[in-house]
>>> print(open('coords-v4.txt').read())   # compact mmCIF, C-alpha atoms and all ligand atoms
# COMPACT_ATOMS: atom_id res chain seq x y z
CA MET A 1 0.00 0.00 0.00
CA ASP A 2 1.37 3.43 -0.84
CA VAL A 3 1.95 5.69 2.14
CA ILE A 4 0.28 9.10 2.10
CA ASN A 5 2.15 11.65 4.19
CA ILE A 6 -0.18 14.49 5.15
CA ARG A 7 1.31 15.37 8.54
CA SER A 8 2.49 18.84 7.65
CA ASP A 9 3.40 21.23 4.84
CA THR A 10 6.94 21.03 6.27
CA GLN A 11 7.17 17.60 4.64
CA THR A 12 7.30 19.10 1.15
CA LEU A 13 10.36 18.30 -0.94
CA PRO A 14 12.18 20.88 -3.05
CA THR A 15 11.01 21.17 -6.66
CA ASP A 16 13.29 20.28 -9.59
CA ALA A 17 13.61 24.01 -10.33
CA MET A 18 14.82 24.58 -6.76
CA LEU A 19 17.39 21.79 -6.94
CA GLN A 20 18.64 23.18 -10.23
CA ALA A 21 18.85 26.72 -8.82
CA MET A 22 20.66 25.46 -5.70
CA ALA A 23 23.24 23.66 -7.83
CA THR A 24 24.03 26.68 -9.99
CA ALA A 25 23.60 29.69 -7.66
CA PRO A 26 26.45 32.21 -7.43
CA LEU A 27 27.78 31.97 -3.86
CA GLY A 28 29.90 33.88 -1.37
CA ASP A 29 30.43 34.16 2.38
CA ASP A 30 27.23 35.64 3.77
CA THR A 31 28.81 36.54 7.11
CA TYR A 32 31.06 38.88 5.06
CA ASP A 33 27.94 40.12 3.22
CA GLU A 34 29.28 38.55 0.04
CA ASP A 35 26.64 36.06 -1.04
CA PRO A 36 24.84 37.55 -4.06
CA THR A 37 22.08 34.94 -4.00
CA VAL A 38 21.25 35.66 -0.35
CA GLN A 39 21.22 39.36 -1.12
CA LYS A 40 18.88 38.80 -4.06
CA LEU A 41 16.46 36.74 -1.95
CA GLU A 42 16.52 39.28 0.89
CA ALA A 43 15.82 42.17 -1.49
CA MET A 44 12.99 40.23 -3.17
CA ALA A 45 11.46 39.27 0.18
CA ALA A 46 11.62 42.82 1.54
CA GLU A 47 9.98 44.20 -1.59
CA ARG A 48 7.30 41.51 -1.68
CA LEU A 49 6.41 42.12 1.96
CA GLY A 50 6.60 45.91 1.64
CA MET A 51 9.32 46.17 4.29
CA GLU A 52 12.67 48.00 4.15
CA ALA A 53 15.00 45.06 4.69
CA ALA A 54 15.12 41.31 5.21
CA MET A 55 17.36 38.62 6.66
CA LEU A 56 17.55 34.93 5.77
CA VAL A 57 17.45 32.66 8.83
CA ILE A 58 17.76 28.92 9.13
CA SER A 59 14.29 28.32 10.63
CA GLY A 60 11.07 30.01 11.60
CA ASN A 61 11.87 29.36 15.21
CA MET A 62 15.18 31.21 14.95
CA ALA A 63 13.57 34.05 12.99
CA ASN A 64 11.02 34.51 15.80
CA LEU A 65 13.80 34.45 18.42
CA CYS A 66 15.81 37.03 16.47
CA ALA A 67 12.71 39.23 16.37
CA LEU A 68 11.95 38.84 20.09
CA MET A 69 15.56 39.62 21.06
CA SER A 70 15.82 42.59 18.72
CA HIS A 71 12.59 44.20 19.92
CA ALA A 72 12.98 43.55 23.64
CA ARG A 73 15.55 43.20 26.43
CA PRO A 74 15.70 40.46 29.07
CA GLY A 75 13.07 41.14 31.72
CA ASP A 76 10.71 42.92 29.31
CA GLU A 77 7.21 41.62 28.79
CA VAL A 78 5.88 40.19 25.54
CA LEU A 79 2.12 39.97 25.08
CA LEU A 80 0.94 36.98 23.13
CA ASP A 81 -1.61 34.24 22.70
CA PRO A 82 -0.79 31.19 24.85
CA GLU A 83 -1.96 29.13 21.86
CA SER A 84 0.65 30.77 19.63
CA HIS A 85 3.56 28.86 18.11
CA ILE A 86 6.07 31.13 19.87
CA TYR A 87 4.57 30.27 23.26
CA PHE A 88 3.51 26.68 22.65
CA TYR A 89 6.00 25.08 20.29
CA GLU A 90 9.35 26.86 20.51
CA SER A 91 10.83 24.99 23.48
CA GLY A 92 10.43 27.95 25.81
CA GLY A 93 13.10 29.94 23.93
CA LEU A 94 11.07 33.05 24.69
CA ALA A 95 12.01 32.64 28.37
CA SER A 96 15.17 30.54 28.34
CA VAL A 97 17.03 32.26 25.50
CA ALA A 98 15.41 35.69 25.12
CA GLY A 99 14.77 36.14 28.88
CA LEU A 100 11.33 37.64 28.28
CA MET A 101 8.22 37.51 30.46
CA PRO A 102 5.19 36.22 28.59
CA MET A 103 1.84 37.92 29.29
CA SER A 104 -1.08 36.03 27.91
CA VAL A 105 -3.75 37.56 25.67
CA PRO A 106 -6.44 34.88 25.44
CA SER A 107 -7.63 33.75 22.05
CA GLU A 108 -10.81 32.03 20.92
CA ARG A 109 -10.10 29.62 18.05
CA GLY A 110 -7.01 31.60 17.12
CA MET A 111 -8.52 35.08 17.42
CA MET A 112 -7.43 37.57 20.08
CA GLN A 113 -9.61 40.63 20.78
CA PRO A 114 -8.31 44.23 20.99
CA ASP A 115 -9.96 44.85 24.38
CA ASP A 116 -8.30 41.74 25.83
CA LEU A 117 -4.96 43.06 24.60
CA ARG A 118 -5.67 46.49 26.16
CA ALA A 119 -6.63 44.81 29.44
CA ALA A 120 -3.41 42.78 29.46
CA VAL A 121 -1.13 45.83 29.23
CA ARG A 122 -0.17 46.85 32.75
CA LYS A 123 0.50 50.44 33.68
CA ARG A 124 4.14 51.39 33.96
CA ASN A 125 5.10 50.60 37.54
CA ILE A 126 8.32 49.60 39.24
CA HIS A 127 6.73 46.33 40.36
CA HIS A 128 6.00 45.08 36.81
CA PRO A 129 8.12 44.10 33.87
CA THR A 130 7.96 46.64 31.06
CA PRO A 131 5.44 45.67 28.36
CA ARG A 132 7.43 45.94 25.14
CA LEU A 133 6.18 43.70 22.36
CA PHE A 134 2.97 42.22 20.97
CA CYS A 135 3.07 39.08 18.80
CA LEU A 136 0.50 38.05 16.22
CA GLU A 137 0.32 34.81 14.28
CA ASN A 138 -1.30 34.45 10.85
CA THR A 139 -2.33 31.88 9.76
CA HIS A 140 -2.88 30.54 13.26
CA ASN A 141 -1.39 27.08 13.54
CA ARG A 142 -3.13 25.54 16.57
CA SER A 143 -6.58 26.68 15.50
CA GLY A 144 -6.15 24.73 12.26
CA GLY A 145 -4.67 27.36 9.96
CA ARG A 146 -7.37 29.97 10.56
CA VAL A 147 -6.89 33.42 9.06
CA VAL A 148 -6.94 36.48 11.29
CA PRO A 149 -9.23 38.77 9.24
CA LEU A 150 -7.58 41.96 8.06
CA LYS A 151 -9.95 44.20 10.05
CA LEU A 152 -9.24 42.34 13.30
CA HIS A 153 -5.51 42.38 12.51
CA GLN A 154 -5.66 46.18 12.05
CA GLU A 155 -7.64 46.68 15.26
CA LEU A 156 -5.18 44.56 17.23
CA CYS A 157 -2.27 46.52 15.79
CA ALA A 158 -4.00 49.80 16.69
CA ALA A 159 -4.53 48.61 20.28
CA ALA A 160 -0.86 47.61 20.50
CA ARG A 161 0.24 51.01 19.16
CA GLU A 162 -1.98 52.91 21.62
CA ASN A 163 0.00 51.16 24.33
CA GLY A 164 3.42 51.83 22.85
CA LEU A 165 4.10 48.19 21.97
CA ALA A 166 6.23 47.03 19.07
CA ILE A 167 4.48 44.45 16.86
CA HIS A 168 5.92 41.22 15.49
CA LEU A 169 3.91 39.01 13.14
CA ASP A 170 4.73 35.31 13.05
CA GLY A 171 3.68 34.91 9.44
CA ALA A 172 5.10 31.44 8.92
CA ARG A 173 2.18 31.00 6.49
CA ILE A 174 1.36 34.63 5.72
CA PHE A 175 0.94 33.93 2.00
CA ASN A 176 -1.71 31.33 2.84
CA ALA A 177 -3.45 34.00 4.94
CA ALA A 178 -3.32 36.67 2.24
CA ILE A 179 -4.57 34.27 -0.44
CA ALA A 180 -7.44 33.05 1.73
CA ALA A 181 -8.37 36.61 2.74
CA ASP A 182 -8.00 37.70 -0.88
CA VAL A 183 -5.89 40.74 -0.02
CA PRO A 184 -2.33 41.75 -0.97
CA VAL A 185 0.14 40.38 1.58
CA THR A 186 1.30 43.95 2.23
CA ASP A 187 -2.10 44.69 3.82
CA TYR A 188 -0.96 42.42 6.65
CA THR A 189 2.54 43.86 6.95
CA ARG A 190 1.70 47.58 6.80
CA ASP A 191 0.94 47.93 10.51
CA VAL A 192 3.64 45.66 11.96
CA ASP A 193 7.28 46.33 12.81
CA SER A 194 8.51 42.91 11.80
CA ILE A 195 7.28 39.78 10.11
CA MET A 196 8.82 36.40 9.56
CA PHE A 197 7.63 33.95 6.91
CA CYS A 198 8.76 30.40 6.22
CA LEU A 199 10.14 29.18 2.92
CA SER A 200 10.11 25.60 4.18
CA LYS A 201 6.38 25.03 4.54
CA GLY A 202 3.86 25.13 1.68
CA LEU A 203 6.42 27.00 -0.41
CA SER A 204 8.41 23.73 -0.50
CA CYS A 205 11.97 24.86 0.21
CA PRO A 206 14.12 22.38 2.12
CA LEU A 207 14.85 24.99 4.82
CA GLY A 208 14.87 28.69 5.57
CA SER A 209 12.72 31.54 6.82
CA VAL A 210 12.95 35.27 6.24
CA LEU A 211 12.64 38.01 8.85
CA CYS A 212 11.63 41.42 7.48
CA GLY A 213 11.47 44.85 9.08
CA ARG A 214 13.00 48.33 9.09
CA ARG A 215 16.68 48.49 8.13
CA ASP A 216 17.90 49.35 11.65
CA PHE A 217 15.83 46.48 13.07
CA ILE A 218 17.33 44.00 10.59
CA GLU A 219 20.84 45.26 11.42
CA GLN A 220 20.13 44.52 15.08
CA ALA A 221 18.63 41.13 14.16
CA GLN A 222 21.83 40.23 12.28
CA TRP A 223 23.77 40.63 15.56
CA VAL A 224 21.26 38.45 17.36
CA ARG A 225 21.36 35.78 14.64
CA LYS A 226 25.15 35.66 14.92
CA ARG A 227 24.95 35.43 18.71
CA LEU A 228 22.55 32.49 18.40
CA GLY A 229 24.99 30.69 16.12
CA GLY A 230 22.86 31.30 13.06
CA GLY A 231 25.36 33.24 10.95
CA MET A 232 25.82 31.40 7.66
CA ARG A 233 28.48 31.15 4.98
CA GLN A 234 27.53 30.08 1.42
CA ALA A 235 23.86 30.36 2.30
CA GLY A 236 23.04 31.10 -1.33
CA VAL A 237 22.29 27.38 -1.70
CA ILE A 238 19.32 27.96 0.62
CA ALA A 239 18.42 31.35 -0.81
CA ALA A 240 18.38 30.00 -4.38
CA ALA A 241 15.48 27.71 -3.48
CA GLY A 242 13.80 30.64 -1.72
CA ILE A 243 13.95 32.76 -4.86
CA VAL A 244 12.24 29.99 -6.84
CA ALA A 245 9.65 29.73 -4.05
CA LEU A 246 8.78 33.42 -4.23
CA GLU A 247 8.68 33.35 -8.03
CA GLN A 248 6.78 30.10 -8.58
CA MET A 249 5.22 28.67 -5.45
CA VAL A 250 3.09 31.36 -3.83
CA ASP A 251 -0.01 31.42 -6.04
CA ARG A 252 -0.36 27.64 -6.08
CA LEU A 253 -1.04 27.62 -2.30
CA ALA A 254 -4.69 28.20 -3.27
CA GLU A 255 -4.71 24.64 -4.58
CA ASP A 256 -3.71 23.32 -1.12
CA HIS A 257 -6.62 25.26 0.38
CA GLU A 258 -9.04 23.74 -2.10
CA HIS A 259 -7.71 20.24 -1.34
CA ALA A 260 -8.02 20.83 2.41
CA ARG A 261 -11.67 21.88 1.97
CA LEU A 262 -12.34 18.80 -0.15
CA LEU A 263 -10.82 16.55 2.53
CA ALA A 264 -12.69 18.34 5.33
CA ARG A 265 -16.04 17.87 3.57
CA ALA A 266 -15.33 14.17 2.97
CA LEU A 267 -14.23 13.57 6.58
CA ALA A 268 -17.26 15.46 7.93
CA GLU A 269 -19.46 12.83 6.25
CA ILE A 270 -17.91 10.02 8.33
CA PRO A 271 -20.03 9.13 11.41
CA GLY A 272 -17.83 9.30 14.50
CA LEU A 273 -15.74 12.24 13.31
CA ASN A 274 -16.46 15.91 13.83
CA VAL A 275 -15.08 18.60 11.59
CA ASP A 276 -15.76 22.29 12.02
CA LEU A 277 -15.99 23.09 8.32
CA GLY A 278 -16.03 26.83 9.01
CA SER A 279 -12.56 26.63 10.52
CA VAL A 280 -11.01 25.13 7.37
CA GLU A 281 -9.78 28.34 5.78
CA THR A 282 -6.36 27.38 4.44
CA ASN A 283 -4.35 24.16 4.13
CA MET A 284 -5.08 22.50 7.51
CA VAL A 285 -7.90 20.28 8.66
CA ASN A 286 -8.32 19.52 12.38
CA VAL A 287 -10.65 16.61 13.05
CA ASP A 288 -12.19 15.73 16.42
CA HIS A 289 -11.96 11.97 16.85
CA SER A 290 -13.25 11.74 20.44
CA GLU A 291 -16.47 9.87 19.51
CA THR A 292 -14.36 6.95 18.31
CA GLY A 293 -13.20 6.35 21.90
CA LEU A 294 -9.58 6.12 20.72
CA SER A 295 -6.76 8.17 22.14
CA THR A 296 -5.06 10.46 19.64
CA GLY A 297 -1.96 8.23 19.74
CA ASP A 298 -4.01 5.09 19.02
CA PHE A 299 -5.89 6.83 16.24
CA LEU A 300 -2.63 7.90 14.61
CA GLU A 301 -1.25 4.34 14.89
CA ARG A 302 -4.34 2.95 13.18
CA LEU A 303 -4.08 5.53 10.43
CA LYS A 304 -0.47 4.48 9.97
CA SER A 305 -1.54 0.87 9.58
CA VAL A 306 -3.63 1.91 6.57
CA GLY A 307 -0.79 3.99 5.14
CA ILE A 308 -1.71 7.47 6.35
CA LEU A 309 0.75 9.64 8.25
CA ALA A 310 -1.21 12.42 9.99
CA GLY A 311 -0.43 14.73 12.90
CA GLY A 312 -1.87 14.70 16.41
CA ARG A 313 -3.46 17.47 18.48
CA PRO A 314 -4.08 15.49 21.67
CA PRO A 315 -6.35 14.75 23.38
CA ARG A 316 -9.12 15.04 20.78
CA GLN A 317 -7.81 16.02 17.39
CA ILE A 318 -5.97 14.70 14.37
CA ARG A 319 -4.44 17.18 11.95
CA PHE A 320 -4.08 16.88 8.18
CA VAL A 321 -2.11 19.47 6.18
CA ALA A 322 -2.51 19.60 2.40
CA ASN A 323 0.61 20.29 0.37
CA ARG A 324 1.85 20.27 -3.20
CA HIS A 325 2.45 16.50 -3.22
CA HIS A 326 -1.31 15.87 -2.93
CA THR A 327 -4.07 15.86 -5.52
CA ARG A 328 -7.85 15.79 -5.30
CA GLU A 329 -7.58 12.03 -5.67
CA THR A 330 -5.20 11.87 -2.66
CA MET A 331 -7.88 13.56 -0.55
CA ARG A 332 -10.55 11.09 -1.63
CA GLU A 333 -8.21 8.18 -0.89
CA ILE A 334 -7.40 9.55 2.59
CA ALA A 335 -11.11 9.88 3.39
CA ARG A 336 -11.69 6.30 2.20
CA ARG A 337 -8.95 4.91 4.45
CA VAL A 338 -9.94 7.05 7.45
CA GLU A 339 -13.49 5.75 7.15
CA ILE A 340 -12.19 2.15 7.44
CA VAL A 341 -10.30 3.06 10.64
CA VAL A 342 -13.26 4.87 12.20
CA ARG A 343 -15.77 2.13 11.33
CA SER A 344 -13.59 -0.56 12.86
CA ALA A 345 -13.08 1.53 16.04
CA LEU A 346 -16.82 2.11 16.41
CA GLN A 347 -17.63 -1.58 15.82
CA ARG A 348 -15.19 -2.73 18.49
CA GLY A 349 -16.43 -0.10 20.94
C1 LIG A 401 3.13 29.56 13.07
C2 LIG A 401 4.51 28.98 13.07
N1 LIG A 401 5.53 29.75 13.47
C3 LIG A 401 6.80 29.30 13.49
C4 LIG A 401 7.09 28.03 13.08
C5 LIG A 401 8.52 27.55 13.20
O1 LIG A 401 9.09 27.25 11.99
P1 LIG A 401 10.36 26.24 11.94
O2 LIG A 401 9.77 24.87 12.03
O3 LIG A 401 10.97 26.55 10.61
O4 LIG A 401 11.24 26.56 13.06
C6 LIG A 401 6.06 27.18 12.66
C7 LIG A 401 6.35 25.81 12.24
O5 LIG A 401 5.48 25.00 12.05
C8 LIG A 401 4.73 27.67 12.65
O6 LIG A 401 3.71 26.92 12.28
>>> encode(input="coords-v4.txt", output="C-alpha cells")
Amino acid sequence: MDVINIRSDTQTLPTDAMLQAMATAPLGDDTYDEDPTVQKLEAMAAERLGMEAAMLVISGNMANLCALMSHARPGDEVLLDPESHIYFYESGGLASVAGLMPMSVPSERGMMQPDDLRAAVRKRNIHHPTPRLFCLENTHNRSGGRVVPLKLHQELCAAARENGLAIHLDGARIFNAAIAADVPVTDYTRDVDSIMFCLSKGLSCPLGSVLCGRRDFIEQAQWVRKRLGGGMRQAGVIAAAGIVALEQMVDRLAEDHEHARLLARALAEIPGLNVDLGSVETNMVNVDHSETGLSTGDFLERLKSVGILAGGRPPRQIRFVANRHHTRETMREIARRVEIVVRSALQRG
C-alpha cells in the first residue's frame, strides 16, 4: 500500500527548479555580506512584503527568536496568545534564551480581541516588567490554519500602538493567509514592525525563513542571529530555493486550500468524526476523533496501519495538512482509508 504523508506542509520536498537553482547559484560568504544569492532573496522578500529590509534565517523558530531579542531586552514583557507557536511550540526559547516575560492575551479559536490586549497591558510601575512587544500569528497554527481577518488584525495593531508596543507578526504561512483573505500580503505587513515567513512550509523549500522589518531592526537582528549561532556562509544554496519559491510557489497555495476543503467535507461525512468546516480556511484540517473512543496516539497508529501519516493534536484532534504533493484524488483516498479506521473503532467499541 502506498503511504500518504499528510502530517504537515513542512514535509514538502524541493522542486526540480529549486534543486537546479541550488546547484548553480552564485555563492559567497554571507557573514562577510558577500553572497549575491542571499542578497537577491533578501531584497525580493523585503519588496514583496513591503518592508525595508530582510534577513535569511535557518528556521522560523530562529527568525522569531531574532525578532523577540531585537525588539525587547531580558526582563521585558511580551504579550501573546498562549496558543501561539512562539509560546507553545518553541521549546520555551522566549524565556530561556530571550529572557522575556510572557503575558497572555487569550484567544478564541485563534482570534485575540483588541480589548483583551488592552486589558493585558499593565500600567508602567516599578513592580512590573515593562510591556514591550505584541506578537500576532497568521495563519494561526493551533486553530487549524485559521486566518486572522484583516480588520481584526488592524484593530489589534491599533490597540498595540496605543500602548506603545512594538508588533511582530509570526507569518510562517502569511501567503496562505493573504490568499485566503483575498488581499495583498502587504495589507498584513503595513501595521507591523517585523514579520517572519517560512520558505520551508507550503512553499516547499528544504529549509529557511525570512525576517523582514525596518533596516535598523534588521541590522540589530543580524547581531542576534550571529549570537545564536545562526550566521551562515555560502547560504546562497538555501536562498536560491527561496527565490524559486517566491517566483513560482506562492499562487499555487490556493490549490492546497481547495484540497483541504475537499478533505474536510469528505471527513465530515464520516459518522464518528467531527469537523468544524467553518474553521477550514487554508491548508489545515483539524478533526475531532473523540467519539471513536480512541486516544489520539491510538488513532494515529491505526491511520499508519492503513498507510496514512497524519499529525496529532491530543487529546481530541488529528491534523491533516494539504501540500503540493497531494491531488484531489489523494484527498478522496485519505477519506476512504480514514473511514475504514473509524468504522472498525466504532464496531469494536
Ligand atoms: C506559526 C509557526 N511559526 C513558526 C514556526 C517555526 O518554523 P520552523 O519549524 O521553521 O522553526 C512554525 C512551524 O510550524 C509555525 O507553524
>>> atom_distance(input="coords-v4.txt", atom1="CA of Gln113 (chain A)", atom2="CA of Ser290 (chain A)")
29.1 Å
>>> residues_around(input="coords-v4.txt", residues="Asp16 (chain A)", least_positions_apart="4", cutoff="12 Å", atoms="only C-alpha atoms", output="NGL selection string")
:A and (20-23 or 204-206 or 241 or 244-245 or 248)
>>> closest_residue(input="coords-v4.txt", among="A:Leu56, A:Ile318, A:Ile243, A:Ala17", to="ligand LIG 401 (chain A)", atoms="all atoms listed in the file")
A:Leu56
>>> closest_residue(input="coords-v4.txt", among="A:Pro106, A:Pro271, A:Gly307, A:Pro315", to="Ile334 (chain A)", atoms="only C-alpha atoms")
A:Gly307
>>> atom_distance(input="coords-v4.txt", atom1="CA of Asn274 (chain A)", atom2="CA of Asn323 (chain A)")
22.2 Å
>>> closest_residue(input="coords-v4.txt", among="A:Glu339, A:Glu258, A:Asp298, A:Glu90", to="ligand LIG 401 (chain A)", atoms="only C-alpha atoms and all ligand atoms")
A:Glu90
>>> atom_distance(input="coords-v4.txt", atom1="CA of Thr15 (chain A)", atom2="CA of Arg324 (chain A)")
9.8 Å
>>> residues_near_ligand(input="coords-v4.txt", ligand="ligand LIG 401 (chain A)", cutoff="8 Å", atoms="only C-alpha atoms and all ligand atoms", output="ChimeraX atom specification")
/A:10,58-64,84-86,89-90,137-141,170-173,198,200-201,207-209
>>> residues_around(input="coords-v4.txt", residues="region 275-278 of chain A", least_positions_apart="4", cutoff="8 Å", atoms="only C-alpha atoms", output="PDB file with C-alpha atoms, in the frame of the given file")
ATOM      1  CA  ARG A 261     -11.670  21.880   1.970  1.00  0.00           C
ATOM      2  CA  ALA A 264     -12.690  18.340   5.330  1.00  0.00           C
ATOM      3  CA  ARG A 265     -16.040  17.870   3.570  1.00  0.00           C
ATOM      4  CA  LEU A 267     -14.230  13.570   6.580  1.00  0.00           C
ATOM      5  CA  ALA A 268     -17.260  15.460   7.930  1.00  0.00           C
ATOM      6  CA  VAL A 285      -7.900  20.280   8.660  1.00  0.00           C
ATOM      7  CA  ASN A 286      -8.320  19.520  12.380  1.00  0.00           C
ATOM      8  CA  VAL A 287     -10.650  16.610  13.050  1.00  0.00           C
ATOM      9  CA  ASP A 288     -12.190  15.730  16.420  1.00  0.00           C
TER      10      ASP A 288
END
>>> residues_around(input="coords-v4.txt", residues="region 175-185 of chain A", least_positions_apart="4", cutoff="7 Å", atoms="all atoms listed in the file", output="ChimeraX atom specification")
/A:49,138-139,147,149,189,250,253-254,281-282
>>> residues_around(input="coords-v4.txt", residues="region 65-71 of chain A", least_positions_apart="6", cutoff="6 Å", atoms="all atoms listed in the file", output="PyMOL selection string")
chain A and resi 98+220-221+224-225
>>> residues_around(input="coords-v4.txt", residues="Ala72 (chain A)", least_positions_apart="2", cutoff="12 Å", atoms="all atoms listed in the file", output="PyMOL selection string")
chain A and resi 65-70+74-79+94-95+98-102+129-135+165-168+217+220-221+224
>>> closest_residue(input="coords-v4.txt", among="A:Ser279, A:Thr330, A:Thr186, A:Thr292", to="Ala45 (chain A)", atoms="all atoms listed in the file")
A:Thr186
>>> closest_residue(input="coords-v4.txt", among="A:Gln317, A:Val192, A:Val105, A:Leu13", to="Gly297 (chain A)", atoms="all atoms listed in the file")
A:Gln317
>>> closest_residue(input="coords-v4.txt", among="A:Leu346, A:Met51, A:Val306, A:Leu19", to="Ile218 (chain A)", atoms="only C-alpha atoms")
A:Met51
